[in-house]
Every structure is written in structure tokens, then in C-alpha cells.
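So the structure is just underneath, and the comments pick up after that.
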Amino acid sequence: MRILLNPLISCLTLVSQPITPDIIQDYKECKQIEFQVESVSVWLPLIDKYFKQEDQVEVSRIIFCESSGRSKVENSNTNGTKDIGLMQINDTTYDWISNKLGWFGDRKDPEFNLKMSSWLYYKSGSHHWNSSKICWGEK
């Protein structure tokens with residue numbers, strides 16, 4: 001299974017154009033996206049299960065930028081909470097979703113993490129991952 005990377009189709013066409021500073025920058029950004037998505041490709045079956053095809057590139061990039069695709073990673077915040085798993089679900093967010101939906105599980109479990117992240121993503125958007133947006137967002 002492979003995500004169709006619409007932005008990456010242009011990577012090949014970029015090198016066939018006359019080289020300009022803009023073309024070089026576009027190619028560099030295109031290759032960065034390709035690297036991010038391919039780095040987390042082990043999770044593509046679960047990404048495909050929980051996210052629409054048109055969102056899979058962005059979600060793959062968020063996973064790369066949040067956890068480098070490491071499902072068991074934990075990061076501590078200055079307020080004492082932790083961000084856990086592939087998409088770094090925060091303790092507060094986990095408690096809120098768990099109580100609202102009755103979903104309780106291990107955020108280090110990739111399937112549970114992506115299921116919970118998918119609900120969050122489709123209910124209120126990607127802003128929950130804004131702290132890493134400089135890595136995955138539009139330039």
C-alpha cells in the first residue's frame with residue numbers, strides 16, 4: 001500500500017524544467033515531504049484505516065514531526081503533562097476524549113493513538129499539532 005503523494009508527483013517534473021532558484025526551493029521542499037512520509041511508511045495501513053486519502057500526506061508529516069514515527073515516545077511538558085505516542089496525544093486531551101467517548105487505552109498503542117487522533121483531527125482540525133507545524137505545515 002502506498003499513499004498517493006500528489007505533491008510528490010511534481011518532484012520529478014521539477015527537475016525537467018529550467019533550473020531557477022524557485023525550482024530548486026520547490027524541489028527541496030518536495031523531497032522533504034517525500035522523506036517525512038516515507039520515514040513513517042510502516043504506519044500506512046493504520047493511517048489508511050483512520051484517515052481519508054486526501055489527509056494522509058499531512059497526517060504522515062504530523063506523525064514524523066511529532067514522534068519521528070516512534071509509537072512509544074513520551075515527551076514531558078512544562079506544566080507536568082505528557083504527550084504520548086505517534087501523534088503525541090496530551091494527557092489533558094486524552095482525558096477529555098476518553099471521558100467524552102468512553103475510549104480508554106494505551107496511547108503508545110499505534111492503533112489506539114491513530115484512532116483517537118483521527119477523531120480529534122476530524123472534529124476540530126490539525127491545530128492540535130500546531131507546536132510542530134513549522135515542520136509539517138505549508139511554507
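Ordering of the C-alpha cells sets the chain letters (A, B, ...); residue numbers start at 1 within each chain; ligands are numbered from 1 in the order shown.
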
* **Long-range neighbours of A:Val37 as a list in words, 10 Å cut-off, only C-alpha atoms, 4 positions minimum in chain** =>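 Once the nearby chain positions are removed, what remains is Ile3, Leu5, Lys31, Gln32, Ile33, Ser41, Val42, Trp43, Leu44, Gln56, Val57, Glu58, Val59, Ser60, Arg61, Ile62, Ile63, Phe64 and Gly69 of chain A.
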
Limited to C-alpha atoms, could you put the picked residues into a file as a PDB file, in the first residue's frame?
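Written out: part_12.pdb:
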ATOM      1  CA  ILE A   3      -0.151   6.824  -0.278  1.00  0.00           C
ATOM      2  CA  LEU A   5       1.570  11.774  -2.904  1.00  0.00           C
ATOM      3  CA  LYS A  31      11.893  15.971  -1.331  1.00  0.00           C
ATOM      4  CA  GLN A  32      11.473  16.903   2.355  1.00  0.00           C
ATOM      5  CA  ILE A  33       7.795  15.919   2.204  1.00  0.00           C
ATOM      6  CA  SER A  41       5.518   4.415   5.971  1.00  0.00           C
ATOM      7  CA  VAL A  42       5.421   1.467   8.390  1.00  0.00           C
ATOM      8  CA  TRP A  43       2.214   3.059   9.752  1.00  0.00           C
ATOM      9  CA  LEU A  44       0.490   3.429   6.348  1.00  0.00           C
ATOM     10  CA  GLN A  56      -2.835  11.044   4.603  1.00  0.00           C
ATOM     11  CA  VAL A  57       0.169  13.097   3.463  1.00  0.00           C
ATOM     12  CA  GLU A  58      -0.482  15.756   6.097  1.00  0.00           C
ATOM     13  CA  VAL A  59      -1.095  13.149   8.821  1.00  0.00           C
ATOM     14  CA  SER A  60       2.071  11.275   7.868  1.00  0.00           C
ATOM     15  CA  ARG A  61       4.021  14.518   8.123  1.00  0.00           C
ATOM     16  CA  ILE A  62       2.467  15.287  11.524  1.00  0.00           C
ATOM     17  CA  ILE A  63       3.477  11.831  12.759  1.00  0.00           C
ATOM     18  CA  PHE A  64       7.019  12.367  11.501  1.00  0.00           C
ATOM     19  CA  GLY A  69       7.243   7.560  13.834  1.00  0.00           C
TER      20      GLY A  69
END

* DSSP on the backbone: what in chain A comes out helix (DSSP H, G or I), as a PyMOL selection string? -> chain A and resi 6-15+21-39+41-50+53-67+91-101+110-124+126-136

* **Among listed residues A:Ser16, A:Cys30, A:Asn113, A:Ile23, nearest A:Thr93 (using only C-alpha atoms)** =>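 Of A:Ser16, A:Cys30, A:Asn113, A:Ile23, the one nearest A:Thr93 is A:Asn113, counting only C-alpha atoms.
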
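If only C-alpha atoms are the atoms counted, then among A:Thr92, A:Thr13, A:Ser71, A:Gln25 the closest residue to A:Asp106 is A:Ser71.
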
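Assigned to strand (DSSP E) in stretch 46-108 of chain A, given DSSP computed from backbone atoms, are Glu74, Asn75, Ser76, Lys82, Asp83, Ile84, Ile89 and Asn90 of chain A.
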
* Best match for closeness to A:Ser117 among A:Ile89, A:Lys100, A:Ser68, A:Ile19, counting only C-alpha atoms ->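 Result for the nearest residue to A:Ser117: A:Ile89.
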
* Asked: To one decimal place, how far is atom CA of A:Ile84 from atom CA of A:Phe35 in Å?
  ->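 These atoms are spaced 22.8 Å apart.
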